[in-house]
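Colleague: work.cif is reproduced in full below (mmCIF, C-alpha atoms).
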```
data_query
#
loop_
_atom_site.group_PDB
_atom_site.id
_atom_site.type_symbol
_atom_site.label_atom_id
_atom_site.label_comp_id
_atom_site.auth_asym_id
_atom_site.auth_seq_id
_atom_site.Cartn_x
_atom_site.Cartn_y
_atom_site.Cartn_z
ATOM 1 C CA MET A 1290 78.400 -48.167 -32.257
ATOM 2 C CA GLU A 1291 75.587 -45.719 -31.529
ATOM 3 C CA THR A 1292 74.696 -47.691 -28.400
ATOM 4 C CA TYR A 1293 78.334 -47.482 -27.247
ATOM 5 C CA ILE A 1294 78.408 -43.684 -27.752
ATOM 6 C CA THR A 1295 75.067 -43.268 -25.938
ATOM 7 C CA VAL A 1296 76.267 -45.319 -22.959
ATOM 8 C CA THR A 1297 79.538 -43.381 -22.882
ATOM 9 C CA PHE A 1298 77.730 -40.011 -22.793
ATOM 10 C CA TYR A 1299 75.355 -41.396 -20.170
ATOM 11 C CA ILE A 1300 78.265 -42.451 -17.957
ATOM 12 C CA LEU A 1301 80.022 -39.107 -18.500
ATOM 13 C CA GLY A 1302 76.827 -37.281 -17.585
ATOM 14 C CA ILE A 1303 76.501 -39.206 -14.347
ATOM 15 C CA ALA A 1304 80.190 -38.566 -13.582
ATOM 16 C CA VAL A 1305 79.819 -34.832 -14.192
ATOM 17 C CA PHE A 1306 76.682 -34.736 -12.023
ATOM 18 C CA LEU A 1307 78.359 -36.629 -9.195
ATOM 19 C CA PHE A 1308 81.499 -34.477 -9.423
ATOM 20 C CA GLY A 1309 79.393 -31.302 -9.405
ATOM 21 C CA THR A 1310 77.375 -32.496 -6.418
ATOM 22 C CA PHE A 1311 80.550 -33.477 -4.579
ATOM 23 C CA SER A 1312 82.153 -30.102 -5.382
ATOM 24 C CA LEU A 1313 79.118 -28.156 -4.135
ATOM 25 C CA GLY A 1314 79.002 -30.246 -0.969
ATOM 26 C CA LEU A 1315 82.725 -29.755 -0.422
ATOM 27 C CA TYR A 1316 82.331 -25.994 -0.877
ATOM 28 C CA ALA A 1317 79.311 -25.750 1.438
ATOM 29 C CA LEU A 1318 80.713 -27.943 4.200
ATOM 30 C CA ILE A 1319 84.414 -27.120 4.157
ATOM 31 C CA ILE A 1320 85.607 -24.424 1.772
ATOM 32 C CA ASN A 1321 82.960 -21.750 2.445
ATOM 33 C CA PRO A 1322 83.146 -22.018 6.291
ATOM 34 C CA PHE A 1323 86.944 -21.914 5.982
ATOM 35 C CA LEU A 1324 86.814 -18.751 3.852
ATOM 36 C CA GLU A 1325 84.289 -17.226 6.279
ATOM 37 C CA THR A 1326 86.611 -17.975 9.196
ATOM 38 C CA ILE A 1327 89.526 -16.311 7.428
ATOM 39 C CA SER A 1328 87.383 -13.271 6.603
ATOM 40 C CA ILE A 1329 86.014 -12.901 10.144
ATOM 41 C CA ASN A 1330 89.442 -13.219 11.750
ATOM 42 C CA LYS A 1331 90.889 -10.354 9.754
ATOM 43 C CA ARG A 1332 90.984 -6.960 11.409
ATOM 44 C CA LEU A 1333 89.054 -4.114 9.899
ATOM 45 C CA SER A 1334 90.931 -1.882 7.487
ATOM 46 C CA ARG A 1335 92.548 1.306 8.739
ATOM 47 C CA LYS A 1336 89.748 3.321 7.123
ATOM 48 C CA GLN A 1337 87.089 1.213 8.856
ATOM 49 C CA ARG A 1338 88.850 1.501 12.227
ATOM 50 C CA ASP A 1339 89.015 5.272 11.771
ATOM 51 C CA ILE A 1340 85.224 5.301 11.292
ATOM 52 C CA LEU A 1341 84.835 3.583 14.662
ATOM 53 C CA LEU A 1342 87.419 5.753 16.407
ATOM 54 C CA LYS A 1343 85.737 8.905 15.180
ATOM 55 C CA ASN A 1344 82.121 7.957 15.856
ATOM 56 C CA PHE A 1345 82.006 5.158 18.413
ATOM 57 C CA LYS A 1346 82.948 5.983 21.993
ATOM 58 C CA TYR A 1347 82.271 2.437 23.184
ATOM 59 C CA TYR A 1348 84.954 1.125 20.815
ATOM 60 C CA ARG A 1349 87.421 3.846 21.785
ATOM 61 C CA ASP A 1350 87.129 2.878 25.450
ATOM 62 C CA LEU A 1351 88.093 -0.765 24.830
ATOM 63 C CA SER A 1352 91.551 -2.209 25.449
ATOM 64 C CA GLY A 1353 93.740 -3.230 22.506
ATOM 65 C CA ASN A 1354 92.733 -6.914 22.569
ATOM 66 C CA GLN A 1355 89.084 -6.004 23.093
ATOM 67 C CA LYS A 1356 89.234 -3.741 20.033
ATOM 68 C CA ILE A 1357 90.499 -6.645 17.907
ATOM 69 C CA ASP A 1358 87.685 -8.883 19.180
ATOM 70 C CA PHE A 1359 85.165 -6.103 18.550
ATOM 71 C CA GLU A 1360 86.374 -5.659 14.959
ATOM 72 C CA LYS A 1361 86.088 -9.388 14.238
ATOM 73 C CA ARG A 1362 82.514 -9.343 15.486
ATOM 74 C CA VAL A 1363 81.729 -6.362 13.267
ATOM 75 C CA ARG A 1364 83.036 -8.311 10.260
ATOM 76 C CA ASN A 1365 80.947 -11.317 11.300
ATOM 77 C CA PHE A 1366 77.829 -9.133 11.508
ATOM 78 C CA LEU A 1367 78.462 -7.563 8.092
ATOM 79 C CA LEU A 1368 79.041 -10.948 6.487
ATOM 80 C CA HIS A 1369 75.463 -12.016 7.195
ATOM 81 C CA LYS A 1370 73.507 -8.837 6.482
ATOM 82 C CA GLU A 1371 72.019 -7.236 3.393
ATOM 83 C CA PHE A 1372 71.857 -3.449 3.688
ATOM 84 C CA ILE A 1373 69.009 -1.914 1.693
ATOM 85 C CA PRO A 1374 68.763 1.847 0.936
ATOM 86 C CA LYS A 1375 65.252 3.281 1.250
ATOM 87 C CA GLY A 1376 64.991 6.775 -0.177
ATOM 88 C CA ILE A 1377 68.775 7.264 -0.224
ATOM 89 C CA PRO A 1378 71.183 6.663 -3.164
ATOM 90 C CA GLN A 1379 73.217 3.972 -1.405
ATOM 91 C CA VAL A 1380 74.202 2.516 1.944
ATOM 92 C CA THR A 1381 77.708 3.798 2.611
ATOM 93 C CA GLU A 1382 80.512 1.866 4.277
ATOM 94 C CA GLU A 1383 80.223 4.169 7.298
ATOM 95 C CA MET A 1384 76.534 3.302 7.700
ATOM 96 C CA GLN A 1385 77.272 -0.415 7.552
ATOM 97 C CA ILE A 1386 80.182 -0.229 10.000
ATOM 98 C CA LEU A 1387 78.295 1.842 12.592
ATOM 99 C CA ILE A 1388 75.121 -0.263 12.479
ATOM 100 C CA ALA A 1389 77.159 -3.456 12.799
ATOM 101 C CA ALA A 1390 79.104 -1.894 15.694
ATOM 102 C CA CYS A 1391 75.828 -1.044 17.430
ATOM 103 C CA GLY A 1392 74.736 -4.688 17.314
ATOM 104 C CA VAL A 1393 78.151 -5.787 18.591
ATOM 105 C CA GLN A 1394 78.088 -3.225 21.422
ATOM 106 C CA LEU A 1395 74.843 -4.613 22.781
ATOM 107 C CA THR A 1396 75.982 -8.253 22.550
ATOM 108 C CA PHE A 1397 79.695 -7.893 23.396
ATOM 109 C CA GLY A 1398 79.189 -9.869 26.599
ATOM 110 C CA PHE A 1399 78.027 -12.956 24.656
ATOM 111 C CA ALA A 1400 79.567 -15.229 22.077
ATOM 112 C CA PRO A 1401 79.229 -13.513 18.643
ATOM 113 C CA VAL A 1402 75.554 -12.919 17.819
ATOM 114 C CA ARG A 1403 74.490 -12.872 14.159
ATOM 115 C CA PHE A 1404 70.837 -11.835 14.609
ATOM 116 C CA VAL A 1405 69.937 -14.562 12.110
ATOM 117 C CA SER A 1406 66.221 -13.668 12.283
ATOM 118 C CA PHE A 1407 67.010 -10.314 10.664
ATOM 119 C CA PRO A 1408 69.087 -10.771 7.497
ATOM 120 C CA LYS A 1409 68.073 -7.355 6.125
ATOM 121 C CA ILE A 1410 68.874 -3.869 7.413
ATOM 122 C CA LEU A 1411 66.740 -1.075 5.933
ATOM 123 C CA ILE A 1412 68.052 2.492 6.084
ATOM 124 C CA TYR A 1413 65.871 5.562 5.541
ATOM 125 C CA PRO A 1414 67.204 9.135 5.463
ATOM 126 C CA SER A 1415 64.934 10.303 8.333
ATOM 127 C CA HIS A 1416 61.502 9.571 9.834
ATOM 128 C CA TYR A 1417 59.520 7.320 7.506
ATOM 129 C CA GLN A 1418 56.060 5.843 7.106
ATOM 130 C CA SER A 1419 55.888 2.073 7.542
ATOM 131 C CA SER A 1420 53.473 -0.373 5.923
ATOM 132 C CA ASN A 1421 50.960 0.149 8.765
ATOM 133 C CA GLY A 1422 50.793 3.866 7.994
ATOM 134 C CA LYS A 1423 52.588 5.008 11.156
ATOM 135 C CA ARG A 1424 55.608 7.308 11.281
ATOM 136 C CA HIS A 1425 58.738 5.661 12.639
ATOM 137 C CA LYS A 1426 62.335 6.374 13.533
ATOM 138 C CA GLY A 1427 63.071 2.651 13.508
ATOM 139 C CA GLU A 1428 61.436 -0.751 13.826
ATOM 140 C CA VAL A 1429 62.107 -4.464 14.143
ATOM 141 C CA SER A 1430 59.946 -6.698 11.972
ATOM 142 C CA LEU A 1431 59.253 -10.414 12.196
ATOM 143 C CA SER A 1432 59.350 -10.287 8.391
ATOM 144 C CA GLY A 1433 63.120 -10.378 8.827
ATOM 145 C CA PHE A 1434 64.400 -6.813 8.902
ATOM 146 C CA ILE A 1435 65.537 -4.028 11.196
ATOM 147 C CA ALA A 1436 64.911 -0.477 9.954
ATOM 148 C CA PHE A 1437 66.544 2.796 10.985
ATOM 149 C CA SER A 1438 66.163 6.475 10.236
ATOM 150 C CA TRP A 1439 69.812 7.314 9.571
ATOM 151 C CA GLU A 1440 69.388 10.858 10.860
ATOM 152 C CA ASP A 1441 68.160 9.525 14.213
ATOM 153 C CA PHE A 1442 70.635 6.660 14.355
ATOM 154 C CA LEU A 1443 73.547 9.045 13.886
ATOM 155 C CA TYR A 1444 72.109 11.498 16.420
ATOM 156 C CA GLY A 1445 72.287 8.759 19.060
ATOM 157 C CA TYR A 1446 76.035 8.311 18.623
ATOM 158 C CA LYS A 1447 76.871 11.989 18.221
ATOM 159 C CA ARG A 1448 75.511 12.510 21.748
ATOM 160 C CA PRO A 1449 76.679 9.394 23.592
ATOM 161 C CA GLU A 1450 75.639 10.510 27.090
ATOM 162 C CA ASP A 1451 72.095 11.865 26.695
ATOM 163 C CA GLY A 1452 70.205 8.581 27.119
ATOM 164 C CA PHE A 1453 68.796 8.594 23.578
ATOM 165 C CA ASN A 1454 70.135 6.001 21.150
ATOM 166 C CA LEU A 1455 67.889 4.688 18.382
ATOM 167 C CA GLY A 1456 70.376 2.010 17.335
ATOM 168 C CA LEU A 1457 70.634 0.441 20.785
ATOM 169 C CA HIS A 1458 66.863 0.752 21.257
ATOM 170 C CA GLU A 1459 66.010 -1.229 18.120
ATOM 171 C CA MET A 1460 68.844 -3.718 18.628
ATOM 172 C CA ALA A 1461 67.482 -4.366 22.131
ATOM 173 C CA HIS A 1462 64.107 -5.298 20.623
ATOM 174 C CA ALA A 1463 65.872 -7.493 18.059
ATOM 175 C CA LEU A 1464 67.872 -9.255 20.798
ATOM 176 C CA LYS A 1465 64.743 -10.146 22.767
ATOM 177 C CA ILE A 1466 63.068 -11.535 19.628
ATOM 178 C CA GLU A 1467 66.220 -13.390 18.572
ATOM 179 C CA ASP A 1468 66.443 -14.975 22.005
ATOM 180 C CA ALA A 1469 62.790 -16.045 21.931
ATOM 181 C CA LEU A 1470 63.109 -17.592 18.458
ATOM 182 C CA HIS A 1471 66.555 -19.175 18.617
ATOM 183 C CA HIS A 1472 67.494 -19.652 22.270
ATOM 184 C CA HIS A 1473 67.830 -23.432 21.766
ATOM 185 C CA GLN A 1474 70.347 -22.893 18.924
ATOM 186 C CA GLN A 1475 72.677 -20.346 20.494
ATOM 187 C CA GLU A 1476 73.511 -19.051 23.948
ATOM 188 C CA LEU A 1477 71.937 -15.634 24.319
ATOM 189 C CA LEU A 1478 70.040 -14.368 27.360
ATOM 190 C CA ASP A 1479 70.486 -16.576 30.396
ATOM 191 C CA HIS A 1480 67.090 -17.936 31.451
ATOM 192 C CA GLU A 1481 67.559 -17.306 35.173
ATOM 193 C CA SER A 1482 68.963 -13.812 34.581
ATOM 194 C CA LEU A 1483 66.015 -13.052 32.323
ATOM 195 C CA LYS A 1484 63.554 -14.171 35.013
ATOM 196 C CA GLU A 1485 65.358 -11.996 37.561
ATOM 197 C CA TRP A 1486 65.239 -9.027 35.167
ATOM 198 C CA GLY A 1487 61.506 -9.514 34.625
ATOM 199 C CA LYS A 1488 60.824 -9.614 38.362
ATOM 200 C CA ILE A 1489 62.932 -6.554 39.211
ATOM 201 C CA SER A 1490 61.748 -4.524 36.204
ATOM 202 C CA ARG A 1491 58.096 -5.101 37.136
ATOM 203 C CA GLN A 1492 58.829 -3.959 40.696
ATOM 204 C CA GLU A 1493 60.611 -0.850 39.437
ATOM 205 C CA LEU A 1494 57.821 -0.109 36.977
ATOM 206 C CA LYS A 1495 55.334 -0.005 39.860
ATOM 207 C CA LYS A 1496 57.567 2.385 41.835
ATOM 208 C CA ILE A 1497 58.137 4.615 38.831
ATOM 209 C CA LYS A 1498 54.440 4.801 37.969
ATOM 210 C CA THR A 1499 53.675 5.943 41.518
ATOM 211 C CA GLY A 1500 56.070 8.851 40.983
ATOM 212 C CA LYS A 1501 58.867 7.692 43.278
ATOM 213 C CA THR A 1502 61.511 8.189 40.562
ATOM 214 C CA ARG A 1503 61.741 10.277 37.372
ATOM 215 C CA PHE A 1504 64.982 8.946 35.913
ATOM 216 C CA LEU A 1505 63.734 7.157 32.779
ATOM 217 C CA ARG A 1506 61.824 9.007 30.060
ATOM 218 C CA PRO A 1507 58.037 8.370 29.859
ATOM 219 C CA TYR A 1508 58.260 6.244 26.676
ATOM 220 C CA ALA A 1509 59.740 3.445 28.804
ATOM 221 C CA PHE A 1510 56.381 2.896 30.491
ATOM 222 C CA ASN A 1511 54.421 1.930 27.350
ATOM 223 C CA ASN A 1512 55.032 -1.780 27.968
ATOM 224 C CA GLU A 1513 57.705 -4.188 29.223
ATOM 225 C CA ASP A 1514 59.422 -4.424 25.823
ATOM 226 C CA GLU A 1515 59.808 -0.651 25.567
ATOM 227 C CA PHE A 1516 60.931 -0.535 29.189
ATOM 228 C CA PHE A 1517 63.742 -2.984 28.366
ATOM 229 C CA ALA A 1518 64.784 -1.082 25.232
ATOM 230 C CA VAL A 1519 64.875 2.305 26.983
ATOM 231 C CA CYS A 1520 66.789 0.812 29.913
ATOM 232 C CA VAL A 1521 69.387 -0.478 27.441
ATOM 233 C CA GLU A 1522 69.825 3.072 26.102
ATOM 234 C CA TYR A 1523 70.367 4.490 29.594
ATOM 235 C CA PHE A 1524 72.543 1.517 30.588
ATOM 236 C CA PHE A 1525 75.127 2.354 27.924
ATOM 237 C CA GLU A 1526 74.754 6.135 27.836
ATOM 238 C CA LYS A 1527 74.201 7.023 31.515
ATOM 239 C CA PRO A 1528 75.676 4.061 33.418
ATOM 240 C CA GLU A 1529 76.844 5.872 36.544
ATOM 241 C CA GLU A 1530 73.599 7.803 36.979
ATOM 242 C CA PHE A 1531 71.551 4.675 36.214
ATOM 243 C CA ARG A 1532 73.434 2.722 38.884
ATOM 244 C CA LEU A 1533 72.885 5.527 41.384
ATOM 245 C CA GLN A 1534 69.170 6.035 40.658
ATOM 246 C CA LEU A 1535 68.072 2.412 40.085
ATOM 247 C CA PRO A 1536 70.821 0.154 41.475
ATOM 248 C CA ALA A 1537 68.866 -3.135 41.514
ATOM 249 C CA LEU A 1538 67.672 -2.606 37.948
ATOM 250 C CA TYR A 1539 71.161 -1.672 36.760
ATOM 251 C CA GLU A 1540 72.783 -4.711 38.351
ATOM 252 C CA SER A 1541 70.124 -7.006 36.909
ATOM 253 C CA LEU A 1542 70.634 -5.615 33.389
ATOM 254 C CA SER A 1543 74.403 -5.844 33.789
ATOM 255 C CA LYS A 1544 74.033 -9.503 34.703
ATOM 256 C CA LEU A 1545 71.663 -10.128 31.802
ATOM 257 C CA LEU A 1546 73.902 -8.492 29.178
ATOM 258 C CA LYS A 1547 77.120 -9.772 30.823
ATOM 259 C CA GLN A 1548 78.859 -6.401 30.798
ATOM 260 C CA ASP A 1549 79.131 -3.252 32.889
ATOM 261 C CA PRO A 1550 79.572 0.032 30.974
ATOM 262 C CA GLY A 1551 80.086 1.878 34.266
ATOM 263 C CA LYS A 1552 83.308 -0.016 34.923
ATOM 264 C CA THR A 1553 84.425 0.386 31.321
ATOM 265 C CA LEU A 1554 83.883 4.125 31.720
ATOM 266 C CA GLN A 1555 85.899 4.294 34.922
ATOM 267 C CA ASN A 1556 88.778 2.364 33.343
ATOM 268 C CA ALA A 1557 88.738 4.310 30.073
ATOM 269 C CA LYS A 1558 92.021 5.514 28.622
ATOM 270 C CA PHE A 1559 92.175 8.773 26.749
ATOM 271 C CA TYR A 1560 94.884 8.085 24.156
ATOM 272 C CA PHE A 1561 92.314 8.384 21.372
ATOM 273 C CA TYR A 1562 91.787 12.103 21.856
ATOM 274 C CA PRO A 1563 93.622 14.631 19.648
ATOM 275 C CA PRO A 1564 97.008 15.655 21.134
ATOM 276 C CA GLU A 1565 95.782 19.159 22.016
ATOM 277 C CA ASN A 1566 93.062 17.671 24.259
ATOM 278 C CA ARG A 1567 95.052 14.816 25.730
ATOM 279 C CA LYS A 1568 96.313 16.718 28.797
ATOM 280 C CA LEU A 1569 92.809 17.906 29.587
ATOM 281 C CA MET A 1570 91.532 14.334 29.404
ATOM 282 C CA LEU A 1571 94.316 13.096 31.655
ATOM 283 C CA LEU A 1572 93.393 15.783 34.175
ATOM 284 C CA LEU A 1573 89.788 14.644 34.036
ATOM 285 C CA ASN A 1574 90.887 11.052 34.593
ATOM 286 C CA GLN A 1575 92.919 12.223 37.586
ATOM 287 C CA ALA A 1576 89.860 13.984 38.982
ATOM 288 C CA ILE A 1577 87.746 10.815 38.658
ATOM 289 C CA LYS A 1578 90.335 8.923 40.696
ATOM 290 C CA GLU A 1579 91.222 11.559 43.314
ATOM 291 C CA LEU A 1580 87.993 13.398 44.180
ATOM 292 C CA PRO A 1581 86.354 10.468 46.055
ATOM 293 C CA ASN A 1582 89.434 10.277 48.334
ATOM 294 C CA LEU A 1583 89.125 13.898 49.484
ATOM 295 C CA LYS A 1584 87.034 13.867 52.650
ATOM 296 C CA THR A 1585 85.959 17.503 53.056
ATOM 297 C CA LEU A 1586 83.976 19.709 50.732
ATOM 298 C CA LYS A 1587 86.672 22.393 51.032
ATOM 299 C CA ALA A 1588 89.383 19.961 49.908
ATOM 300 C CA LYS A 1589 87.282 18.847 46.953
ATOM 301 C CA ALA A 1590 86.651 22.453 45.905
ATOM 302 C CA SER A 1591 90.348 23.335 46.194
ATOM 303 C CA PHE A 1592 91.379 20.285 44.167
ATOM 304 C CA THR A 1593 88.794 21.018 41.459
ATOM 305 C CA LYS A 1594 89.955 24.650 41.243
ATOM 306 C CA SER A 1595 93.594 23.564 40.815
ATOM 307 C CA LEU A 1596 92.625 21.232 37.964
ATOM 308 C CA PHE A 1597 90.608 23.995 36.329
ATOM 309 C CA VAL A 1598 93.640 26.324 36.424
ATOM 310 C CA LYS A 1599 95.862 23.606 34.927
ATOM 311 C CA GLY A 1600 93.270 22.924 32.281
ATOM 312 C CA ARG A 1601 93.132 26.569 31.200
ATOM 313 C CA LYS A 1602 96.939 26.625 30.880
ATOM 314 C CA ASN A 1603 96.895 23.477 28.712
ATOM 315 C CA SER A 1604 94.033 24.518 26.442
#
```
Can the structure in the file be given as structure tokens, please?

Modeller:
Amino acid sequence: METYITVTFYILGIAVFLFGTFSLGLYALIINPFLETISINKRLSRKQRDILLKNFKYYRDLSGNQKIDFEKRVRNFLLHKEFIPKGIPQVTEEMQILIAACGVQLTFGFAPVRFVSFPKILIYPSHYQSSNGKRHKGEVSLSGFIAFSWEDFLYGYKRPEDGFNLGLHEMAHALKIEDALHHHQQELLDHESLKEWGKISRQELKKIKTGKTRFLRPYAFNNEDEFFAVCVEYFFEKPEEFRLQLPALYESLSKLLKQDPGKTLQNAKFYFYPPENRKLMLLLNQAIKELPNLKTLKAKASFTKSLFVKGRKNS
């Protein structure tokens, strides 16, 4: 009788083990990816969209369908990141949304990029001292994290046209590292486009160092990695001026990142502005379209003056 009971418990134990193993396998292979897919394909909440509309010009300039795609990518980014407060009480939802949106902005021309090499995002209140004793605004570490000074990150998006954007700068470093480590697993930077970028950027670096152009800030000339990161900042924040000053470099970066902020800017709609400013924005849009068609300086001046008068009446 005892032998019978022992065998029965033994068989039940094996059955429970096998069922548990099967259940875990089923969850890992089917259920969890299915739940992830459902989560990613949901739009952001109204509150989360309002965070983007208020703080993220790049998102505001997108079309309706592009906004939906952008939001799904933000959710995908958030799903695979651990946000760690460093010297602040907590990482707020706004912080998470804006940092995720920054990563999506840089990689919007590609299939969704998870930055799998960097599962952790560290957020400091302002400048901080890293493990090597240096003061930083942000850094990308092969230990698996990206760090930001929140004060400096936010500054970059409050002034979207000054050429300074800490978020894009650090994400650009992370993208280059991610591509080097995982290019065989996911489609990131096209190899031929990257070679072309390297060739053109080295040529431009030589010209810049000889004083033939002063467009980029001096920090870009520290090394090729910093040159790329600074160019990314200017690419998104000063696209029209970048294209005018360094056309070959701009076109090469546009090809590499598979997007063109200059065209997005030209095609921007202004429905996102408060009603009291909407007429002014429409007038500005009209000026962008009409001024190049006016052939004489006098005609341009007259047209600009008429818009200014209309603008004063509407404000």

Colleague: Quick one: pull the distance between atom CA of Lys1370 of chain A and atom CA of Lys1465 of chain A, Å, one decimal.

Modeller: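 Atom CA of Lys1465 of chain A lies 18.5 Å from atom CA of Lys1370 of chain A.
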
Colleague: Smallest atom-to-atom distance to Glu1371 of chain A: which of A:Phe1434, A:Tyr1413, A:Phe1525, A:Tyr1348, using all atoms listed in the file?

Modeller: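 Answer, going by the shortest atom-to-atom distance: A:Phe1434.
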
Colleague: Considering all atoms listed in the file, state which residue in the set A:Glu1383, A:Asp1350, A:Glu1428, A:Glu1526 is at the smallest distance from Lys1336 of chain A.

Modeller: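 Comparing A:Glu1383, A:Asp1350, A:Glu1428, A:Glu1526 against Lys1336 of chain A, the winner is A:Glu1383.
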
Colleague: When the PyMOL selection byres ((chain A and resi 1407) around 10) is applied to the structure above, which residues does it catch, written out as a tab-separated table (two decimals) with C-alpha atoms, in the frame of the given file?

Modeller:
```tsv
chain	number	residue	atom	x	y	z
A	1369	HIS	CA	75.46	-12.02	7.20
A	1370	LYS	CA	73.51	-8.84	6.48
A	1371	GLU	CA	72.02	-7.24	3.39
A	1403	ARG	CA	74.49	-12.87	14.16
A	1404	PHE	CA	70.84	-11.84	14.61
A	1405	VAL	CA	69.94	-14.56	12.11
A	1406	SER	CA	66.22	-13.67	12.28
A	1408	PRO	CA	69.09	-10.77	7.50
A	1409	LYS	CA	68.07	-7.36	6.12
A	1410	ILE	CA	68.87	-3.87	7.41
A	1429	VAL	CA	62.11	-4.46	14.14
A	1430	SER	CA	59.95	-6.70	11.97
A	1431	LEU	CA	59.25	-10.41	12.20
A	1432	SER	CA	59.35	-10.29	8.39
A	1433	GLY	CA	63.12	-10.38	8.83
A	1434	PHE	CA	64.40	-6.81	8.90
A	1435	ILE	CA	65.54	-4.03	11.20
A	1463	ALA	CA	65.87	-7.49	18.06
A	1466	ILE	CA	63.07	-11.54	19.63
A	1467	GLU	CA	66.22	-13.39	18.57
```

Colleague: Apply the PyMOL selection byres ((chain A and resi 1345) around 10) to the displayed file and report the matching residues as a list in words.

Modeller: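 That expression, the PyMOL selection byres ((chain A and resi 1345) around 10), corresponds here to Arg1338, Asp1339, Ile1340, Leu1341, Leu1342, Lys1343, Asn1344, Lys1346, Tyr1347, Tyr1348, Arg1349, Asp1350, Leu1387, Ala1390, Cys1391, Gln1394, Tyr1446, Lys1447 and Pro1449 of chain A.
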
Colleague: Hey, what comes out of the PyMOL selection byres ((chain A and resi 1518) around 10) on this file? Could you write it as an mmCIF file with C-alpha atoms, in the frame of the given file?

Modeller:
```cif
data_model
loop_
_atom_site.group_PDB
_atom_site.id
_atom_site.type_symbol
_atom_site.label_atom_id
_atom_site.label_comp_id
_atom_site.auth_asym_id
_atom_site.auth_seq_id
_atom_site.Cartn_x
_atom_site.Cartn_y
_atom_site.Cartn_z
ATOM 1 C CA ASN A 1454 70.135 6.001 21.150
ATOM 2 C CA LEU A 1455 67.889 4.688 18.382
ATOM 3 C CA LEU A 1457 70.634 0.441 20.785
ATOM 4 C CA HIS A 1458 66.863 0.752 21.257
ATOM 5 C CA GLU A 1459 66.010 -1.229 18.120
ATOM 6 C CA MET A 1460 68.844 -3.718 18.628
ATOM 7 C CA ALA A 1461 67.482 -4.366 22.131
ATOM 8 C CA HIS A 1462 64.107 -5.298 20.623
ATOM 9 C CA ALA A 1463 65.872 -7.493 18.059
ATOM 10 C CA LEU A 1464 67.872 -9.255 20.798
ATOM 11 C CA LYS A 1465 64.743 -10.146 22.767
ATOM 12 C CA TYR A 1508 58.260 6.244 26.676
ATOM 13 C CA ALA A 1509 59.740 3.445 28.804
ATOM 14 C CA GLU A 1513 57.705 -4.188 29.223
ATOM 15 C CA ASP A 1514 59.422 -4.424 25.823
ATOM 16 C CA GLU A 1515 59.808 -0.651 25.567
ATOM 17 C CA PHE A 1516 60.931 -0.535 29.189
ATOM 18 C CA PHE A 1517 63.742 -2.984 28.366
ATOM 19 C CA VAL A 1519 64.875 2.305 26.983
ATOM 20 C CA CYS A 1520 66.789 0.812 29.913
ATOM 21 C CA VAL A 1521 69.387 -0.478 27.441
ATOM 22 C CA GLU A 1522 69.825 3.072 26.102
ATOM 23 C CA TYR A 1523 70.367 4.490 29.594
ATOM 24 C CA PHE A 1524 72.543 1.517 30.588
#
```

Colleague: For Phe1504 of chain A, work out the shell of residues within 10 Å, counting only C-alpha atoms and skipping chain neighbours fewer than 2 positions away, then give it as a PyMOL selection string.

Modeller: chain A and resi 1497+1501-1502+1506-1507+1523+1530-1531+1534-1535

Colleague: Would you work out the distance separating atom CA of Ser1490 of chain A from atom CA of Pro1536 of chain A, expressed in Å to one decimal?

Modeller: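 Computed distance, atom CA of Ser1490 of chain A to atom CA of Pro1536 of chain A, equals 11.5 Å.
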
Colleague: What does the distance between atom CA of Arg1332 of chain A and atom CA of Leu1395 of chain A come to in Å, to one decimal place?

Modeller: 19.9 Å

Colleague: What lies within 8 Å of Leu1367 of chain A using all atoms listed in the file, ignoring chain neighbours under 6 positions off, as a list of chain:residue names?

Modeller: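 The residues satisfying every condition are A:Gln1385, A:Ile1386, A:Ala1389.
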